[in-house]
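Have a look at the structure below before the remarks.
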Amino acid sequence: MSEHLFTAFRNGNGPTQYEEQHTPVTADVLLSGLVYCTLLLMLAGVVVLPGIRGKKRLYCAVRGFLTIYVGATIVIAIFGQEWAVSTIHTQTRYRAGTDQSIEADVGVKIGLQSINITLKGTPENQLNEQINYNERFAWTPSWSQGRNYYSPFSGQINQEFRDGQYRGLPYPILWIAEYFTIDAENIRWGRSYRMSGYYAYIMMWSAFPTWIIANILLFMVINYAAYFMILTGVWLLLANFLYIIIRWGSELNIPFDDGVLVFRYGWSFWIAFSTGWLCLVYGCTVLVCNKYWPEKTAEFFDDYDRRGRKGDHKKMTSSWTLNGYQVQRSNTAIVMETFNGNSMTGNGNISESDKSHCQYNPPQSEPMQISIPDPGDIQETSD
């Protein structure tokens, strides 16, 4: 019994051999990870919210979720595979050089860095095998067009296409991929999508650091934060604009026996477009609110240093006169000015005994102006 247990699936005295298990790709792992991290951050924010009291809870929720949403959509749009998409249900040849045909759903997803082609049989089991393919042909990391055809000096996508031919990929996948490898006459769809993706890729990554700076400045200078948020929106909209105008030549339509693949903009394009407008509206709204309702804006962004200020936001001070000194109290420190112009800063507190010897003046928006007598006219007094 034990001998048969250890000799199962073995050829002679060699190691155990198992047959290959071809499993189709059902999801983009990188994109799924980004979405998971975004949801995890939002869940953490929801867990923290009950510990915040009053209307601050609403303010914190709006700021936090909006910040996470903008940052997440920038990264997801960069790595998203659906800037341009097309699908078709067709009956087509399965392998090159044979007349065997299958009925399948064919889909193409064009991202900024690569092309994704799917072939799924309906039903999946046809011709005694499971038909469910998902192949990616990338322009990165080189981003170069390279030489024409399929030499070692050709572009990345041309070399991956030739590798797919060697592996014997189904005919519909190779038929679609070949449209992006030809670079001659007016057949330059590969170059067109590669260059538009390249410049849109740069604009999208330019939006990411400006988004980070905007969030940092929200705790420092709200106006500058609004400017950087507007700049983030400009980068995102510029990415969409460049992706549209850089492509040239005729529209890419890939014919099949009973239909044509016609491309349209996918959700990656539209999410970048909508987030760009959201950043513009957000930044402009903050600028307007900070101009006309500064105290409310400071309260919304938890700007403690600006609360209690009015109009021109000058510090409120109170002043006393103590033993030849003018004592000014602001919300941060005690400043004592002598007659000779020297000054020193205290710890922000005045004792009751000191106040009893002081002449109190009401709060003023500006420090009190006093006339400085001639030093020769001052007589020392003893307490």
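Going through the structure tokens in order, the chains are called A, B, and so on, while each chain numbers its residues from 1 and the ligands are numbered from 1 in the order shown.
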Name the residues in contact with segment 68-71 of chain A at a cut-off of 8 Å, using only C-alpha atoms, excluding same-chain residues fewer than 2 positions from it; report them as JSON, numbers by chain.
-> {"A": [38, 41, 42, 64, 65, 66, 73, 74, 75, 208, 211, 275, 279]}
Minimum-distance residue to Tyr179 of chain A, chosen among A:Ser196, A:Asn158, A:Ser144, A:Ser101 (using only C-alpha atoms) |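 Closest to Tyr179 of chain A of all the choices is A:Asn158.
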Which is closer to Asn134 of chain A than all the others in A:Val35, A:Asp28, A:Thr90, A:Gly249, using only C-alpha atoms?
-> A:Asp28
For each of A:Phe79, A:Arg63, A:Asn223, A:Gly45, take the minimum atom-to-atom distance to Pro294 of chain A, counting only C-alpha atoms, then give the residue where this is smallest.
-> A:Asn223
Using only C-alpha atoms, which residue out of A:Glu185, A:Phe228, A:Ala177, A:Cys289 lies closest to Phe301 of chain A?
->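 That would be A:Cys289, the residue with the smallest distance to Phe301 of chain A.
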